[in-house]
Amino acid sequence: MDVGIVIVNYNTRQLLRRCLETLFASAGVSFRVCVVDNASGDGSAAMVAAAFPQVTLIANDDNVGYPAANNQGLRCLGFQEGTWDDAPQYALLLNPDTEVPPDVLAKTMAFVAAHPDVGAAGPRLVRPDGSLDKACRRSFPTPEISFYRMFGLSRLFPRSPRFGRYNLTYLDEFETVEVDAIVGAFMLVRREVIREVGLLDDTFFMYGEDLDWAYRIKEAGWRIFYYPEVTVLHVKRAASRQNPRAQVEFWRAMEIFYRRYYADETAWWLHAMILTAIRAQTQWMRWRARRLTSPRRRPPNES
């Protein structure tokens with residue numbers, strides 16, 4: 001088996017169907033797919049069971065979060081202690097709101113195989129309007145880079161090698177380049193890497209777990225590449241927009257990541273500024289989430 005593919009789904013039945021249809025049209029590679037459904041209420045699990053019997057389906061009773069569900073799928077595919085010899089050569093984390101052209105798996109695998117020091121790679125991801133999904137190639141959010149992002153400098157000067165580092169917007173989107181991180185919407189990782197650095201950290205619920213994994217991969221001496229020779233469609237936020245908790249979790253993830261990798265080396269005054277900004281955003285998003293989930297008031301003229 002060349003690739004073990006994990007797709008974590010939450011209420012994206014139609015997008016998931018299309019994702020699987022395109023995936024099973026892939027050529028030149030053998031693979032196994034595990035769909036982990038996080039307690040969807042839209043019939044996603046039933047659709048997979050009926051329409052794609054070749055898929056291994058794990059239907060959770062609760063939404064356990066993105067990294068925990070991915071780890072369920074990875075273990076199911078053999079990426080755990082005692083089963084490494086039976087595990088595929090590569091693992092692929094894939095979002096259900098993607099469409100994968102037939103040559104993408106084979107070409108991305110061939111690229112990684114040709115570079116023994118490359119531990120993970122991801123393609124050029126595009127939105128439905130054809131624009132680049134900027135998250136598909138990233139720098140780690142160091143305090144400096146995060147400052148430029150929070151205060152809008154990365155948006156004002158996207159072509160600046162200094163200010164545009166968050167999403168590497170100063171680079172040609174068709175340039176194959178080593179990066180700090182790629183996004184978990186399509187993340188191909190060597191089996192040896194997972195054996196060395198472990199699975200995703202389910203301290204995160206959603207967001208941040210792919211950054212954390214990339215950091216550990218790079219820390220272990222492996223390289224990560226953005227590989228735009230192939231392009232994958234990514235609808236983006238198809239599941240997270242249905243969950244008011246999503247943006248709260250984004251900022252919680254940023255605090256976890258910052259504390260884990262940068263807090264100890266950050267000057268006290270900058271540390272205070274960063275935590276104040278993160279917590280202010282977190283509280284704002286919590287307030288918005290509560291407002292969105294509270295019962296709507298009747299219009300004044302409603303009897």
# chains A, B, ... in the order shown; residues from 1 in each chain; ligands from 1

call {"tool": "residues_around", "arguments": {"residues": "Pro158 (chain A)", "least_positions_apart": "6", "cutoff": "8 Å", "atoms": "only C-alpha atoms", "output": "PyMOL selection string"}}
result
chain A and resi 164+169-170

call {"tool": "select_by_dssp", "arguments": {"residues": "region 67-291 of chain A", "states": "strand (DSSP E)", "output": "PyMOL selection string"}}
result
chain A and resi 90-94+98-99+118-126+177-179+186-190+223-234

call {"tool": "write_last_selection", "arguments": {"atoms": "N, CA and C atoms", "output": "tab-separated table (two decimals), in the first residue's frame"}}
result
chain	number	residue	atom	x	y	z
A	90	TYR	N	3.20	6.25	3.01
A	90	TYR	CA	2.88	7.64	3.28
A	90	TYR	C	1.49	7.73	3.91
A	91	ALA	N	1.31	8.78	4.70
A	91	ALA	CA	-0.02	9.13	5.20
A	91	ALA	C	-0.42	10.44	4.56
A	92	LEU	N	-1.69	10.56	4.24
A	92	LEU	CA	-2.21	11.80	3.69
A	92	LEU	C	-3.38	12.27	4.53
A	93	LEU	N	-3.26	13.47	5.11
A	93	LEU	CA	-4.40	14.13	5.73
A	93	LEU	C	-5.09	14.92	4.64
A	94	LEU	N	-6.39	14.69	4.48
A	94	LEU	CA	-7.14	15.32	3.40
A	94	LEU	C	-8.47	15.83	3.93
A	98	THR	N	-12.20	19.11	-0.47
A	98	THR	CA	-11.20	19.19	-1.53
A	98	THR	C	-11.63	18.32	-2.71
A	99	GLU	N	-11.09	18.64	-3.88
A	99	GLU	CA	-11.24	17.81	-5.07
A	99	GLU	C	-9.84	17.52	-5.59
A	118	VAL	N	13.01	14.99	2.51
A	118	VAL	CA	11.71	15.66	2.59
A	118	VAL	C	10.75	14.78	3.38
A	119	GLY	N	10.24	15.33	4.47
A	119	GLY	CA	9.35	14.56	5.33
A	119	GLY	C	7.89	14.76	5.03
A	120	ALA	N	7.54	15.91	4.44
A	120	ALA	CA	6.14	16.21	4.16
A	120	ALA	C	6.06	17.19	3.00
A	121	ALA	N	4.95	17.12	2.27
A	121	ALA	CA	4.75	18.03	1.14
A	121	ALA	C	3.27	18.29	0.95
A	122	GLY	N	2.97	19.44	0.38
A	122	GLY	CA	1.59	19.80	0.08
A	122	GLY	C	1.51	20.53	-1.24
A	123	PRO	N	0.36	20.46	-1.92
A	123	PRO	CA	0.22	21.05	-3.24
A	123	PRO	C	-0.21	22.51	-3.20
A	124	ARG	N	-0.35	23.07	-4.37
A	124	ARG	CA	-0.99	24.38	-4.53
A	124	ARG	C	-2.49	24.16	-4.32
A	125	LEU	N	-3.06	24.84	-3.35
A	125	LEU	CA	-4.50	24.77	-3.10
A	125	LEU	C	-5.15	26.03	-3.62
A	126	VAL	N	-6.26	25.87	-4.34
A	126	VAL	CA	-6.97	27.03	-4.85
A	126	VAL	C	-8.41	27.02	-4.37
A	177	VAL	N	9.11	25.27	-3.25
A	177	VAL	CA	9.99	25.89	-2.27
A	177	VAL	C	9.85	25.19	-0.92
A	178	GLU	N	10.94	25.17	-0.17
A	178	GLU	CA	10.89	24.67	1.20
A	178	GLU	C	10.20	25.71	2.07
A	179	VAL	N	9.32	25.25	2.94
A	179	VAL	CA	8.56	26.15	3.81
A	179	VAL	C	8.59	25.61	5.23
A	186	PHE	N	-4.36	19.15	2.90
A	186	PHE	CA	-3.68	18.15	2.07
A	186	PHE	C	-2.24	18.12	2.54
A	187	MET	N	-1.92	17.13	3.33
A	187	MET	CA	-0.59	17.05	3.93
A	187	MET	C	-0.08	15.61	3.80
A	188	LEU	N	0.87	15.40	2.90
A	188	LEU	CA	1.45	14.08	2.67
A	188	LEU	C	2.69	13.93	3.52
A	189	VAL	N	2.74	12.89	4.35
A	189	VAL	CA	3.81	12.72	5.33
A	189	VAL	C	4.38	11.30	5.23
A	190	ARG	N	5.69	11.19	5.28
A	190	ARG	CA	6.34	9.88	5.25
A	190	ARG	C	6.01	9.06	6.49
A	223	ARG	N	12.69	18.08	6.04
A	223	ARG	CA	12.30	19.28	5.30
A	223	ARG	C	10.83	19.16	4.86
A	224	ILE	N	10.17	20.31	4.72
A	224	ILE	CA	8.78	20.37	4.29
A	224	ILE	C	8.71	21.24	3.04
A	225	PHE	N	7.99	20.76	2.03
A	225	PHE	CA	7.95	21.49	0.76
A	225	PHE	C	6.52	21.80	0.31
A	226	TYR	N	6.41	23.00	-0.25
A	226	TYR	CA	5.23	23.41	-1.02
A	226	TYR	C	5.50	23.01	-2.45
A	227	TYR	N	4.60	22.20	-3.02
A	227	TYR	CA	4.83	21.59	-4.33
A	227	TYR	C	3.69	21.98	-5.29
A	228	PRO	N	3.83	23.12	-5.99
A	228	PRO	CA	2.74	23.62	-6.82
A	228	PRO	C	2.68	23.03	-8.22
A	229	GLU	N	3.46	21.96	-8.46
A	229	GLU	CA	3.34	21.28	-9.75
A	229	GLU	C	1.97	20.60	-9.87
A	230	VAL	N	1.29	20.44	-8.75
A	230	VAL	CA	-0.07	19.90	-8.76
A	230	VAL	C	-0.98	20.88	-8.02
A	231	THR	N	-2.23	20.90	-8.41
A	231	THR	CA	-3.21	21.83	-7.83
A	231	THR	C	-4.44	21.08	-7.36
A	232	VAL	N	-4.90	21.43	-6.18
A	232	VAL	CA	-6.09	20.81	-5.58
A	232	VAL	C	-7.09	21.90	-5.24
A	233	LEU	N	-8.35	21.67	-5.56
A	233	LEU	CA	-9.41	22.61	-5.20
A	233	LEU	C	-9.75	22.46	-3.72
A	234	HIS	N	-9.87	23.60	-3.03
A	234	HIS	CA	-10.22	23.59	-1.61
A	234	HIS	C	-11.32	24.61	-1.36

call {"tool": "residues_around", "arguments": {"residues": "region 148-154 of chain A", "least_positions_apart": "5", "cutoff": "9 Å", "atoms": "only C-alpha atoms", "output": "list in words"}}
result
Pro141, Pro143, Arg159, Ser160, Arg162, Phe163, Gly164, Arg165, Tyr166, Asn167, Thr169 and Ala277 of chain A

call {"tool": "atom_distance", "arguments": {"atom1": "CA of Asn9 (chain A)", "atom2": "CA of Thr22 (chain A)"}}
result
16.1 Å

call {"tool": "residues_around", "arguments": {"residues": "Glu209 (chain A)", "least_positions_apart": "5", "cutoff": "9 Å", "atoms": "only C-alpha atoms", "output": "PyMOL selection string"}}
result
chain A and resi 66-67+184+200-204+214+253+257
